[in-house]
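Coordinates from coords-v4.cif are shown below (mmCIF, C-alpha atoms).
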```
data_model
loop_
_atom_site.label_atom_id
_atom_site.label_comp_id
_atom_site.auth_asym_id
_atom_site.auth_seq_id
_atom_site.Cartn_x
_atom_site.Cartn_y
_atom_site.Cartn_z
CA MET X 1 0.00 0.00 0.00
CA ALA X 2 1.35 3.40 -0.97
CA GLN X 3 2.17 5.88 1.76
CA ASN X 4 -0.41 8.45 2.87
CA ARG X 5 -3.29 6.63 1.21
CA GLU X 6 -5.15 5.94 4.44
CA PHE X 7 -7.13 9.20 4.45
CA PHE X 8 -8.29 8.60 0.88
CA TYR X 9 -9.22 4.96 1.54
CA ARG X 10 -11.16 5.84 4.70
CA ARG X 11 -13.10 8.59 2.99
CA LEU X 12 -13.77 6.34 0.00
CA HIS X 13 -14.96 3.63 2.40
CA SER X 14 -17.34 6.09 4.06
CA LEU X 15 -18.66 7.41 0.74
CA LEU X 16 -19.13 4.03 -0.94
CA GLY X 17 -21.02 2.71 2.09
CA VAL X 18 -23.74 5.30 1.44
CA ILE X 19 -23.41 5.83 -2.32
CA PRO X 20 -23.95 3.37 -3.95
CA VAL X 21 -24.07 0.48 -1.43
CA GLY X 22 -26.57 2.05 1.00
CA LEU X 23 -28.79 3.27 -1.82
CA PHE X 24 -28.69 -0.16 -3.45
CA LEU X 25 -29.68 -1.78 -0.14
CA THR X 26 -32.69 0.54 0.16
CA GLN X 27 -33.74 -0.08 -3.44
CA HIS X 28 -33.30 -3.85 -3.01
CA LEU X 29 -35.49 -3.97 0.11
CA VAL X 30 -38.14 -1.78 -1.53
CA VAL X 31 -38.28 -3.99 -4.65
CA ASN X 32 -38.48 -7.10 -2.44
CA HIS X 33 -41.42 -5.50 -0.67
CA PHE X 34 -43.46 -6.28 -3.82
CA ALA X 35 -43.62 -9.81 -2.39
CA THR X 36 -46.20 -8.57 0.13
CA ARG X 37 -48.53 -8.07 -2.86
CA GLY X 38 -48.19 -11.69 -3.92
CA ALA X 39 -45.94 -13.93 -5.99
CA ASP X 40 -46.92 -12.39 -9.34
CA ALA X 41 -46.15 -8.83 -8.26
CA PHE X 42 -42.73 -9.92 -6.97
CA ASN X 43 -41.90 -11.89 -10.09
CA LYS X 44 -42.85 -8.91 -12.26
CA ALA X 45 -40.67 -6.53 -10.23
CA ALA X 46 -37.74 -8.98 -10.18
CA ALA X 47 -38.03 -9.49 -13.95
CA PHE X 48 -38.03 -5.71 -14.47
CA MET X 49 -34.81 -5.36 -12.44
CA GLU X 50 -33.29 -8.29 -14.31
CA GLN X 51 -34.08 -6.70 -17.68
CA LEU X 52 -32.64 -3.27 -16.88
CA PRO X 53 -30.39 -2.09 -19.72
CA PHE X 54 -26.62 -2.32 -19.09
CA ARG X 55 -27.36 -4.84 -16.35
CA TYR X 56 -23.82 -6.25 -16.08
CA PHE X 57 -22.30 -2.77 -16.10
CA LEU X 58 -24.68 -1.67 -13.34
CA GLU X 59 -24.08 -4.83 -11.31
CA ILE X 60 -20.30 -4.49 -11.49
CA PHE X 61 -19.93 -0.74 -10.90
CA VAL X 62 -22.93 0.00 -8.68
CA ILE X 63 -22.95 -3.19 -6.63
CA PHE X 64 -20.01 -5.58 -6.74
CA LEU X 65 -16.90 -3.38 -6.92
CA PRO X 66 -18.03 -0.80 -4.31
CA LEU X 67 -19.34 -3.59 -2.07
CA LEU X 68 -16.09 -5.54 -2.37
CA PHE X 69 -13.95 -2.53 -1.45
CA HIS X 70 -16.27 -1.55 1.41
CA ALA X 71 -16.29 -5.12 2.76
CA ILE X 72 -12.55 -5.80 2.57
CA TYR X 73 -11.44 -2.43 3.89
CA GLY X 74 -14.20 -2.61 6.50
CA LEU X 75 -12.84 -5.92 7.78
CA TYR X 76 -9.45 -4.27 8.19
CA ILE X 77 -11.05 -1.39 10.13
CA ALA X 78 -13.08 -3.76 12.31
CA PHE X 79 -10.06 -5.82 13.28
CA THR X 80 -7.84 -2.85 14.11
CA ALA X 81 -10.28 -1.76 16.83
CA GLN X 82 -9.91 -2.96 20.39
CA ASN X 83 -13.45 -2.84 21.72
CA ASN X 84 -13.85 -1.70 25.31
CA VAL X 85 -17.59 -1.45 26.00
CA SER X 86 -17.18 -3.27 29.30
CA ARG X 87 -15.03 -0.42 30.60
CA TYR X 88 -16.68 2.44 28.75
CA GLY X 89 -20.38 1.61 28.46
CA TYR X 90 -21.35 4.85 26.75
CA PHE X 91 -24.06 4.84 24.06
CA ARG X 92 -21.74 5.84 21.21
CA ASN X 93 -19.15 3.26 22.23
CA TRP X 94 -21.85 0.57 22.00
CA MET X 95 -22.82 1.87 18.57
CA PHE X 96 -19.11 1.77 17.58
CA MET X 97 -18.91 -1.88 18.62
CA LEU X 98 -22.26 -2.78 17.00
CA GLN X 99 -21.22 -1.06 13.75
CA ARG X 100 -18.24 -3.42 13.51
CA LEU X 101 -20.19 -6.48 14.64
CA THR X 102 -23.10 -5.90 12.23
CA GLY X 103 -20.59 -5.22 9.45
CA ILE X 104 -19.10 -8.68 9.91
CA ILE X 105 -22.51 -10.37 10.23
CA THR X 106 -23.70 -8.54 7.10
CA LEU X 107 -20.61 -9.63 5.16
CA ILE X 108 -21.17 -13.30 6.06
CA PHE X 109 -24.86 -12.95 5.19
CA VAL X 110 -24.25 -11.16 1.89
CA VAL X 111 -21.66 -13.71 0.73
CA TRP X 112 -24.13 -16.52 1.45
CA HIS X 113 -27.04 -14.61 -0.10
CA VAL X 114 -25.12 -13.81 -3.32
CA TRP X 115 -24.04 -17.44 -3.61
CA GLU X 116 -27.58 -18.68 -3.12
CA THR X 117 -29.22 -16.28 -5.57
CA ARG X 118 -27.02 -14.38 -8.04
CA VAL X 119 -24.37 -17.07 -8.48
CA GLN X 120 -27.05 -19.74 -8.87
CA ALA X 121 -28.74 -17.50 -11.45
CA ALA X 122 -25.47 -17.40 -13.38
CA PHE X 123 -25.57 -21.22 -13.40
CA GLY X 124 -29.00 -21.03 -15.04
CA VAL X 125 -31.34 -21.25 -12.05
CA GLU X 126 -34.33 -18.90 -12.31
CA VAL X 127 -34.57 -16.21 -9.61
CA ASN X 128 -38.22 -15.88 -8.64
CA TYR X 129 -40.69 -16.00 -5.75
CA ASP X 130 -40.47 -19.81 -5.49
CA MET X 131 -36.69 -19.70 -5.11
CA MET X 132 -36.93 -17.48 -2.02
CA ALA X 133 -39.95 -19.37 -0.69
CA ASN X 134 -37.91 -22.60 -0.86
CA ILE X 135 -34.99 -20.99 0.97
CA VAL X 136 -37.01 -19.56 3.85
CA ALA X 137 -39.14 -22.68 4.18
CA ASN X 138 -36.27 -23.77 6.43
CA PRO X 139 -36.83 -21.96 9.76
CA PHE X 140 -33.07 -21.77 10.37
CA MET X 141 -32.57 -19.98 7.05
CA LEU X 142 -35.50 -17.65 7.79
CA ALA X 143 -33.87 -16.67 11.11
CA PHE X 144 -30.51 -16.24 9.34
CA TYR X 145 -32.15 -13.98 6.75
CA ILE X 146 -33.89 -11.85 9.39
CA VAL X 147 -30.64 -11.42 11.36
CA GLY X 148 -28.82 -10.60 8.11
CA ILE X 149 -31.38 -8.02 7.01
CA VAL X 150 -31.55 -6.29 10.42
CA SER X 151 -27.72 -6.23 10.61
CA ALA X 152 -27.40 -4.77 7.13
CA VAL X 153 -30.01 -2.10 7.85
CA PHE X 154 -28.45 -1.18 11.20
CA HIS X 155 -25.00 -1.01 9.61
CA PHE X 156 -26.37 1.29 6.91
CA ALA X 157 -28.36 3.57 9.26
CA ASN X 158 -25.60 3.95 11.85
CA GLY X 159 -23.05 4.22 9.05
CA LEU X 160 -25.05 7.15 7.73
CA TRP X 161 -24.61 8.81 11.14
CA SER X 162 -20.82 8.31 10.93
CA PHE X 163 -20.84 9.49 7.33
CA PHE X 164 -22.30 12.84 8.43
CA VAL X 165 -19.55 13.18 11.07
CA SER X 166 -16.71 11.92 8.87
CA TRP X 167 -17.46 14.43 6.12
CA GLY X 168 -17.85 17.28 8.58
CA ILE X 169 -21.58 17.80 8.09
CA THR X 170 -22.73 17.29 11.70
CA VAL X 171 -20.18 19.08 13.89
CA THR X 172 -22.02 20.20 17.04
CA PRO X 173 -23.11 17.68 19.69
CA ARG X 174 -26.71 18.86 19.13
CA SER X 175 -26.66 18.12 15.39
CA GLN X 176 -25.07 14.73 16.10
CA GLN X 177 -27.83 13.97 18.61
CA ILE X 178 -30.59 14.84 16.11
CA SER X 179 -28.72 12.82 13.50
CA THR X 180 -28.83 9.84 15.88
CA TYR X 181 -32.64 10.12 16.11
CA VAL X 182 -33.03 10.46 12.33
CA THR X 183 -30.71 7.57 11.46
CA MET X 184 -32.28 5.30 14.09
CA GLY X 185 -35.67 6.23 12.57
CA ILE X 186 -34.27 5.05 9.22
CA PHE X 187 -33.10 1.83 10.92
CA VAL X 188 -36.60 1.08 12.27
CA ALA X 189 -38.39 2.02 9.04
CA LEU X 190 -36.09 0.02 6.72
CA SER X 191 -36.12 -2.95 9.12
CA ILE X 192 -39.91 -3.05 8.88
CA VAL X 193 -39.71 -2.96 5.07
CA GLY X 194 -37.08 -5.71 5.01
CA ILE X 195 -38.76 -8.02 7.53
CA ARG X 196 -42.21 -7.61 5.96
CA ALA X 197 -40.66 -8.53 2.61
CA ILE X 198 -38.90 -11.68 3.86
CA LEU X 199 -42.00 -12.82 5.80
CA ALA X 200 -44.03 -12.49 2.60
CA PHE X 201 -42.15 -15.55 1.27
CA VAL X 202 -43.16 -17.75 4.20
CA MET C 1 -12.74 3.67 66.12
CA SER C 2 -11.40 5.83 63.33
CA GLU C 3 -7.78 4.89 64.16
CA ASN C 4 -8.54 1.30 63.12
CA ARG C 5 -9.85 2.24 59.68
CA THR C 6 -7.70 1.17 56.73
CA ILE C 7 -7.57 1.55 52.97
CA ARG C 8 -7.14 -1.49 50.69
CA ILE C 9 -5.31 -0.92 47.42
CA ILE C 10 -4.55 -3.44 44.67
CA VAL C 11 -1.75 -2.24 42.40
CA THR C 12 -0.90 -3.81 39.05
CA ARG C 13 2.87 -3.81 39.13
CA GLN C 14 5.54 -4.49 36.57
CA ASP C 15 9.24 -4.54 37.38
CA ARG C 16 10.64 -3.82 33.94
CA PRO C 17 9.20 -2.90 30.51
CA ASP C 18 9.71 -6.48 29.29
CA THR C 19 8.53 -8.43 32.35
CA ALA C 20 5.02 -9.72 33.08
CA PRO C 21 2.68 -7.60 35.22
CA TYR C 22 1.46 -8.91 38.59
CA GLU C 23 -0.90 -7.66 41.30
CA GLU C 24 0.13 -6.65 44.78
CA GLU C 25 -2.22 -5.68 47.58
CA PHE C 26 -1.53 -3.05 50.22
CA VAL C 27 -3.39 -2.05 53.36
CA ILE C 28 -2.58 1.35 54.77
CA PRO C 29 -4.01 3.31 57.71
CA TYR C 30 -6.85 5.67 56.84
CA ARG C 31 -6.45 9.42 57.08
CA PRO C 32 -9.20 11.83 56.05
CA ASN C 33 -8.97 13.68 52.69
CA MET C 34 -6.36 11.44 51.11
CA ASN C 35 -5.84 11.33 47.36
CA ILE C 36 -4.19 8.51 45.40
CA ILE C 37 -0.86 10.37 45.42
CA SER C 38 -0.82 10.47 49.23
CA VAL C 39 -1.76 6.78 49.31
CA LEU C 40 1.19 5.96 47.04
CA MET C 41 3.45 8.16 49.20
CA GLU C 42 2.31 6.22 52.26
CA ILE C 43 3.24 2.95 50.52
CA ARG C 44 6.60 4.44 49.56
CA ARG C 45 7.20 5.46 53.19
CA ASN C 46 6.62 1.90 54.38
CA PRO C 47 6.75 -0.54 51.44
CA VAL C 48 5.13 -3.58 53.05
CA ASN C 49 2.34 -5.42 51.22
CA ALA C 50 -0.91 -6.79 52.70
CA LYS C 51 0.80 -10.13 53.51
CA GLY C 52 3.30 -8.25 55.67
CA GLU C 53 6.18 -8.87 53.23
CA LYS C 54 8.74 -6.17 52.53
CA THR C 55 8.50 -5.07 48.91
CA THR C 56 9.74 -2.32 46.60
CA PRO C 57 7.93 1.02 46.64
CA VAL C 58 5.45 1.52 43.80
CA ALA C 59 6.79 3.69 40.97
CA TRP C 60 4.53 6.41 39.53
CA GLU C 61 4.85 9.85 38.00
CA MET C 62 3.62 13.13 39.42
CA ASN C 63 4.39 16.78 39.09
CA CYS C 64 1.91 19.62 39.61
CA LEU C 65 -0.53 17.92 42.04
CA GLU C 66 -3.37 20.15 40.79
CA GLU C 67 -4.52 18.46 37.56
CA VAL C 68 -2.79 20.71 35.08
CA CYS C 69 0.33 18.74 34.12
CA GLY C 70 -1.17 15.35 33.21
CA ALA C 71 1.82 13.35 34.50
CA CYS C 72 0.05 11.36 37.23
CA SER C 73 -2.57 9.75 34.95
CA MET C 74 -3.34 6.08 35.66
CA VAL C 75 -6.30 3.71 35.54
CA ILE C 76 -8.14 4.00 38.86
CA ASN C 77 -10.97 1.52 39.44
CA GLY C 78 -11.17 0.89 35.70
CA LYS C 79 -11.21 4.51 34.53
CA PRO C 80 -8.19 6.52 33.38
CA ARG C 81 -7.81 9.76 35.36
CA GLN C 82 -5.31 11.84 37.32
CA SER C 83 -4.30 10.36 40.66
CA CYS C 84 -3.92 13.83 42.23
CA THR C 85 -7.65 14.56 41.94
CA ALA C 86 -8.80 11.00 42.69
CA LEU C 87 -9.97 11.31 46.30
CA VAL C 88 -9.97 8.16 48.41
CA ASP C 89 -13.20 9.16 50.18
CA GLN C 90 -15.01 9.11 46.83
CA LEU C 91 -13.61 5.76 45.62
CA GLU C 92 -14.93 2.26 46.09
CA GLN C 93 -12.56 -0.11 47.93
CA PRO C 94 -10.44 -2.04 47.25
CA ILE C 95 -8.99 0.68 45.05
CA ARG C 96 -7.48 -0.81 41.91
CA LEU C 97 -4.56 1.03 40.35
CA GLU C 98 -3.29 0.04 36.92
CA PRO C 99 -0.99 1.76 34.42
CA MET C 100 -2.47 3.14 31.16
CA ARG C 101 -1.56 0.14 29.02
CA THR C 102 -2.14 1.99 25.76
CA PHE C 103 1.34 3.36 26.40
CA PRO C 104 4.53 1.34 26.97
CA VAL C 105 4.85 0.62 30.70
CA ILE C 106 8.22 1.64 32.12
CA ARG C 107 7.65 0.40 35.64
CA ASP C 108 4.55 -0.17 37.82
CA LEU C 109 2.22 2.80 37.16
CA GLN C 110 4.76 4.77 35.17
CA VAL C 111 4.21 4.87 31.40
CA ASP C 112 6.02 6.43 28.45
CA ARG C 113 3.80 9.06 26.79
CA SER C 114 6.44 10.03 24.18
CA ARG C 115 4.14 9.14 21.30
CA MET C 116 1.86 12.03 22.27
CA PHE C 117 4.70 14.54 22.19
CA ASP C 118 5.90 13.09 18.88
CA SER C 119 2.36 13.57 17.52
CA LEU C 120 2.36 17.22 18.63
CA LYS C 121 5.57 17.68 16.63
CA LYS C 122 4.07 15.87 13.66
CA VAL C 123 1.00 18.14 13.56
CA LYS C 124 3.05 21.31 14.24
CA ALA C 125 1.15 22.18 17.41
CA TRP C 126 2.76 25.59 17.83
CA ILE C 127 2.67 29.06 16.29
CA PRO C 128 5.84 29.91 14.38
CA ILE C 129 6.90 33.46 15.26
CA ASP C 130 10.66 33.21 14.88
CA GLY C 131 12.33 34.86 11.92
CA THR C 132 15.54 36.60 10.90
CA TYR C 133 13.97 39.98 11.66
CA ASP C 134 11.16 41.33 13.84
CA LEU C 135 7.90 40.44 12.12
CA GLY C 136 5.92 42.88 14.26
CA PRO C 137 2.68 42.12 16.11
CA GLY C 138 0.33 39.56 14.58
CA PRO C 139 -3.37 40.07 13.90
CA ARG C 140 -5.56 40.49 16.98
CA MET C 141 -7.78 37.69 18.20
CA PRO C 142 -11.38 38.65 19.07
CA GLU C 143 -12.10 38.22 22.79
CA ARG C 144 -15.01 35.87 22.13
CA LYS C 145 -12.78 33.61 20.08
CA ARG C 146 -10.01 33.79 22.68
CA GLN C 147 -12.41 32.50 25.33
CA TRP C 148 -13.53 29.72 23.00
CA ALA C 149 -9.93 28.76 22.18
CA TYR C 150 -9.01 28.77 25.87
CA GLU C 151 -11.18 25.68 26.37
CA LEU C 152 -9.15 23.80 23.74
CA SER C 153 -5.87 25.04 25.24
CA LYS C 154 -6.62 23.24 28.53
CA CYS C 155 -5.25 19.99 27.06
CA MET C 156 -2.41 18.73 29.27
CA THR C 157 -1.37 15.77 27.07
CA CYS C 158 -2.32 13.44 29.93
CA GLY C 159 -3.18 10.52 27.65
CA VAL C 160 -6.61 9.71 29.14
CA CYS C 161 -8.36 10.15 25.76
CA LEU C 162 -5.88 7.82 24.07
CA GLU C 163 -6.36 5.23 26.81
CA ALA C 164 -10.18 5.40 26.37
CA CYS C 165 -10.10 5.26 22.56
CA PRO C 166 -10.74 1.79 21.06
CA ASN C 167 -8.87 2.80 17.91
CA VAL C 168 -5.63 3.70 19.70
CA ASN C 169 -3.88 0.36 20.24
CA SER C 170 -0.92 -1.72 19.18
CA LYS C 171 -2.68 -2.77 15.95
CA SER C 172 -3.23 0.80 14.73
CA ASN C 173 -1.09 3.91 14.28
CA PHE C 174 -3.89 6.37 15.13
CA ILE C 175 -2.44 9.47 16.82
CA GLY C 176 -5.56 9.86 18.96
CA PRO C 177 -7.90 12.73 19.88
CA ALA C 178 -5.55 15.03 21.86
CA PRO C 179 -3.16 16.10 19.05
CA LEU C 180 -6.09 16.42 16.63
CA SER C 181 -7.83 18.92 18.88
CA GLN C 182 -4.56 20.87 19.10
CA VAL C 183 -4.64 21.28 15.31
CA ARG C 184 -8.05 22.91 15.67
CA LEU C 185 -6.68 25.18 18.41
CA PHE C 186 -3.64 26.37 16.46
CA ASN C 187 -5.57 26.69 13.19
CA ALA C 188 -8.02 28.98 15.00
CA HIS C 189 -5.26 31.37 16.09
CA PRO C 190 -4.91 34.34 13.68
CA THR C 191 -1.14 33.84 13.30
CA GLY C 192 -1.36 30.05 13.56
CA ALA C 193 -3.88 30.05 10.70
CA MET C 194 -1.05 31.02 8.35
CA HIS C 195 0.07 27.37 8.61
CA LYS C 196 -3.41 25.88 8.54
CA ALA C 197 -2.93 23.80 5.40
CA GLU C 198 0.35 22.31 6.67
CA ARG C 199 -1.32 21.08 9.85
CA LEU C 200 -4.31 19.72 7.94
CA GLU C 201 -1.99 17.88 5.53
CA ALA C 202 -0.23 16.34 8.54
CA ILE C 203 -3.45 14.93 10.02
CA MET C 204 -4.62 13.80 6.57
CA GLY C 205 -1.61 11.43 6.54
CA ASP C 206 -1.44 7.84 7.79
CA GLY C 207 -2.67 7.31 11.34
CA GLY C 208 -4.37 10.70 11.26
CA LEU C 209 -7.85 12.15 11.44
CA ALA C 210 -9.60 9.53 9.30
CA ASN C 211 -8.76 6.78 11.80
CA CYS C 212 -11.33 8.13 14.26
CA GLY C 213 -14.19 5.63 14.60
CA ASN C 214 -16.55 7.94 16.51
CA SER C 215 -16.82 5.86 19.68
CA GLN C 216 -16.74 9.24 21.46
CA ASN C 217 -15.16 7.73 24.59
CA CYS C 218 -12.60 10.56 24.49
CA VAL C 219 -15.07 13.36 25.11
CA GLN C 220 -16.68 11.37 27.94
CA SER C 221 -13.29 10.74 29.57
CA CYS C 222 -11.42 14.04 29.14
CA PRO C 223 -10.70 15.41 32.65
CA LYS C 224 -10.65 18.95 31.25
CA GLY C 225 -13.99 18.66 29.45
CA ILE C 226 -12.44 19.52 26.08
CA PRO C 227 -15.01 19.08 23.25
CA LEU C 228 -12.78 16.54 21.50
CA THR C 229 -15.43 15.01 19.24
CA THR C 230 -16.60 18.48 18.16
CA SER C 231 -12.96 19.23 17.31
CA ILE C 232 -12.68 16.04 15.29
CA ALA C 233 -15.91 16.74 13.37
CA ALA C 234 -14.80 20.34 12.73
CA LEU C 235 -11.46 19.05 11.44
CA ASN C 236 -13.31 16.55 9.26
CA ARG C 237 -15.06 19.49 7.63
CA ALA C 238 -11.78 21.40 7.21
CA ALA C 239 -10.13 18.27 5.77
CA THR C 240 -12.99 17.77 3.31
CA ILE C 241 -12.49 21.32 2.02
CA GLN C 242 -8.70 20.85 1.97
CA MET C 243 -9.12 17.61 0.02
CA PHE C 244 -11.18 19.34 -2.67
CA ARG C 245 -8.71 22.24 -2.75
CA ASN C 246 -5.82 19.85 -3.23
CA PHE C 247 -7.53 17.95 -6.03
CA PHE C 248 -9.41 20.62 -7.94
CA GLY C 249 -6.99 23.43 -7.15
CA SER C 250 -7.30 26.62 -5.11
CA ASP C 251 -5.38 29.85 -4.60
CA GLU C 252 -5.88 29.44 -0.84
CA VAL C 253 -2.50 27.87 -0.23
#
```
Could I get this file's structure written as structure tokens?
Amino acid sequence: MAQNREFFYRRLHSLLGVIPVGLFLTQHLVVNHFATRGADAFNKAAAFMEQLPFRYFLEIFVIFLPLLFHAIYGLYIAFTAQNNVSRYGYFRNWMFMLQRLTGIITLIFVVWHVWETRVQAAFGVEVNYDMMANIVANPFMLAFYIVGIVSAVFHFANGLWSFFVSWGITVTPRSQQISTYVTMGIFVALSIVGIRAILAFV
Amino acid sequence: MSENRTIRIIVTRQDRPDTAPYEEEFVIPYRPNMNIISVLMEIRRNPVNAKGEKTTPVAWEMNCLEEVCGACSMVINGKPRQSCTALVDQLEQPIRLEPMRTFPVIRDLQVDRSRMFDSLKKVKAWIPIDGTYDLGPGPRMPERKRQWAYELSKCMTCGVCLEACPNVNSKSNFIGPAPLSQVRLFNAHPTGAMHKAERLEAIMGDGGLANCGNSQNCVQSCPKGIPLTTSIAALNRAATIQMFRNFFGSDEV
């Protein structure tokens, strides 16, 4: 690694987590929410996404490359921290620890999820309502999916809070406090969207 | 009755920088209004541990005895703070004393805080006024701003914020909150601002500003109540602007 690149990598990590990865997560959960309107509605929405023009370009540059960088550099960040919530049980220190923990859970979940859906699709399996229904028919997998979704959403919402601090948008303690309320509101709202969507396959 | 009262202290000791730490318990007679320094002085006066064995006096650092020098910082009952202002009457017993392990331990409770002073050099935490001729008086600082800057100038490089920070450890090269806040202080000074970009470039290097993970333990732990996380966020904003200036170009050099 070249010298003096850390600042650039950290800022890139912060930016990519929101744009495009965070936006993609939101869009993905919203599209999945079509499942609450029945199998046909979901299949139609999934087919629309699948038939977007420049699909491979979009997948590589909006999803896979940013996600890969964010995940690998994020692992490095997570493992350079020495968590100390037992000594310093402050709210933000807990959020610091949870941000790293949910990041790792989300990475494990996403790797599994991509293998089970996108990679299988590349092997010729059709991605549709039945595919997901089969996966979550297993209660263990349903629990794994719910934990994965909640982790991903928390990591995004709390990451948004850090994004505002890291880029110098929220400077005062007051603005950071309000930002906590707003981002935790986003966490609750997106969690509801995500969990409603996954339960629609049961 | 009061003459029988005692104080129990458990000290994490270490004989040399490369030897393993061990715990030693002491019981000393109670006196009213003692602080941790006077407890350690009592142990030094009569270095006998709780088992009645003769031992070496506990090594620690101290200087001002009024919480302005930062030298006597140690971990007292799990929290890093100055031992001069840690009053025995306000502490739960047994009182546990440990060194701030974020720093290399020299002996017992004595640590080497050199990395903090090196960081201050790295970020140019001073105002250059020397020249080959008299440069005359600098621009005046508004009184309101002076009062604001005074809060930041209370930093005594004690190391408590580094000890509390989860991102300052042997696996990372993060310089920690204290020197960062000093950049904000010196960049706010009208003469210091002439070297603003240099200081920002220094903290935009490896182990600098971007390594902050926002656990905000520093601001909760600072004995001087310095708004460290506000400083870091303000520097984040300044660094964002500096980053765009560097890339897209600016006449504000």
* Asked: For chain X, which residues have at least one atom within 6 Å of chain C, if we go by only C-alpha atoms? Write them as a VMD selection string, please.
  -> chain X and resid 4 6 to 7 80 to 83 92 to 93 96 165 to 168 171 to 172
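Between atom CA of X:Phe54 and atom CA of X:Leu16 the separation is 20.6 Å.
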* **Straight-line distance linking atom CA of C:Pro142 with atom CA of C:Glu198, stated in Å to one decimal** =>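 Between these atoms lies a distance of 23.6 Å.
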* To do: Between atom CA of C:Val58 and atom CA of C:Arg107, measure the distance and give it in Å to one decimal.
  => 8.5 Å
* Using the chain letters and numbers from the file, which residues does the PyMOL selection byres ((chain C and resi 160) around 9) grab, as a list in words? ->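 When the PyMOL selection byres ((chain C and resi 160) around 9) is applied, the selected residues are Gly70, Ser73, Met74, Val75, Lys79, Pro80, Arg81, Gln82, Met100, Thr157, Cys158, Gly159, Cys161, Leu162, Glu163, Ala164, Cys165, Cys218, Ser221, Cys222 and Pro223 of chain C.
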* stretch 20-22 of chain X: which residues within 8 Å, counting all atoms listed in the file, same-chain residues fewer than 6 positions away excluded, as a count of residues only? -> 5
* Run the PyMOL selection byres ((chain X and resi 195) around 12) against the file shown and list the residues it catches, as a VMD selection string. => chain X and resid 29 to 30 32 to 33 35 to 36 142 to 153 187 to 194 196 to 202
* To do: Counting only C-alpha atoms, select every polymer residue within 7 Å of (5.2, 2.8, 51.9) as defined in the file's coordinates, and provide the selection as number ranges by chain.
  => C: 41-48, 57
Just to be explicit: take each residue in the selection above, keep C-alpha atoms, and write the result as a compact mmCIF listing (two decimals), in the coordinates of the input.
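What follows is the written file selection-v2.txt:
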```txt
# COMPACT_ATOMS: atom_id res chain seq x y z
CA MET C 41 3.45 8.16 49.20
CA GLU C 42 2.31 6.22 52.26
CA ILE C 43 3.24 2.95 50.52
CA ARG C 44 6.60 4.44 49.56
CA ARG C 45 7.20 5.46 53.19
CA ASN C 46 6.62 1.90 54.38
CA PRO C 47 6.75 -0.54 51.44
CA VAL C 48 5.13 -3.58 53.05
CA PRO C 57 7.93 1.02 46.64
```
* Could you check which of C:Leu40, C:Ala71, C:Ala20, C:Ala197 is closest to C:Thr56, using all atoms listed in the file? => C:Leu40
Write out as a PDB file with C-alpha atoms, keeping the file's coordinate frame each polymer residue whose atoms come within 8 Å of C:Val88, counting all atoms listed in the file; drop sequence neighbours fewer than 4 positions from it.
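Below is the file result27.pdb, written as the result:
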```
ATOM      1  CA  ASN C  33      -8.970  13.680  52.690  1.00  0.00           C
ATOM      2  CA  MET C  34      -6.360  11.440  51.110  1.00  0.00           C
ATOM      3  CA  ASN C  35      -5.840  11.330  47.360  1.00  0.00           C
ATOM      4  CA  ILE C  36      -4.190   8.510  45.400  1.00  0.00           C
TER       5      ILE C  36
END
```
* Asked: Exactly which residues make up the result of the PyMOL selection byres ((chain C and resi 109) around 8) on this file, given as a list in words?
  -> Thr12, Arg13, Val58, Ala59, Trp60, Glu61, Met74, Leu97, Glu98, Pro99, Met100, Val105, Ile106, Arg107, Asp108, Gln110 and Val111 of chain C
* Pick from C:Ile7, C:Val219, C:Gly176, C:Arg16: nearest to X:Tyr90, with all atoms listed in the file counted? -> C:Val219
Residue rebuild result stretch 191-196 of chain X, N, CA, C and O atoms as an mmCIF file, in the frame of the given file:
```cif
data_model
loop_
_atom_site.group_PDB
_atom_site.id
_atom_site.type_symbol
_atom_site.label_atom_id
_atom_site.label_comp_id
_atom_site.auth_asym_id
_atom_site.auth_seq_id
_atom_site.Cartn_x
_atom_site.Cartn_y
_atom_site.Cartn_z
ATOM 1 N N SER X 191 -36.009 -1.597 8.559
ATOM 2 C CA SER X 191 -36.120 -2.950 9.120
ATOM 3 C C SER X 191 -37.521 -3.485 8.910
ATOM 4 O O SER X 191 -37.706 -4.660 8.568
ATOM 5 N N ILE X 192 -38.526 -2.624 9.090
ATOM 6 C CA ILE X 192 -39.910 -3.050 8.880
ATOM 7 C C ILE X 192 -40.108 -3.460 7.423
ATOM 8 O O ILE X 192 -40.651 -4.532 7.135
ATOM 9 N N VAL X 193 -39.600 -2.636 6.502
ATOM 10 C CA VAL X 193 -39.710 -2.960 5.070
ATOM 11 C C VAL X 193 -39.062 -4.308 4.788
ATOM 12 O O VAL X 193 -39.654 -5.190 4.162
ATOM 13 N N GLY X 194 -37.843 -4.496 5.289
ATOM 14 C CA GLY X 194 -37.080 -5.710 5.010
ATOM 15 C C GLY X 194 -37.733 -6.953 5.611
ATOM 16 O O GLY X 194 -37.817 -7.999 4.957
ATOM 17 N N ILE X 195 -38.200 -6.842 6.861
ATOM 18 C CA ILE X 195 -38.760 -8.020 7.530
ATOM 19 C C ILE X 195 -40.126 -8.368 6.936
ATOM 20 O O ILE X 195 -40.438 -9.541 6.732
ATOM 21 N N ARG X 196 -40.921 -7.349 6.623
ATOM 22 C CA ARG X 196 -42.210 -7.610 5.960
ATOM 23 C C ARG X 196 -41.979 -8.340 4.633
ATOM 24 O O ARG X 196 -42.708 -9.271 4.287
#
```
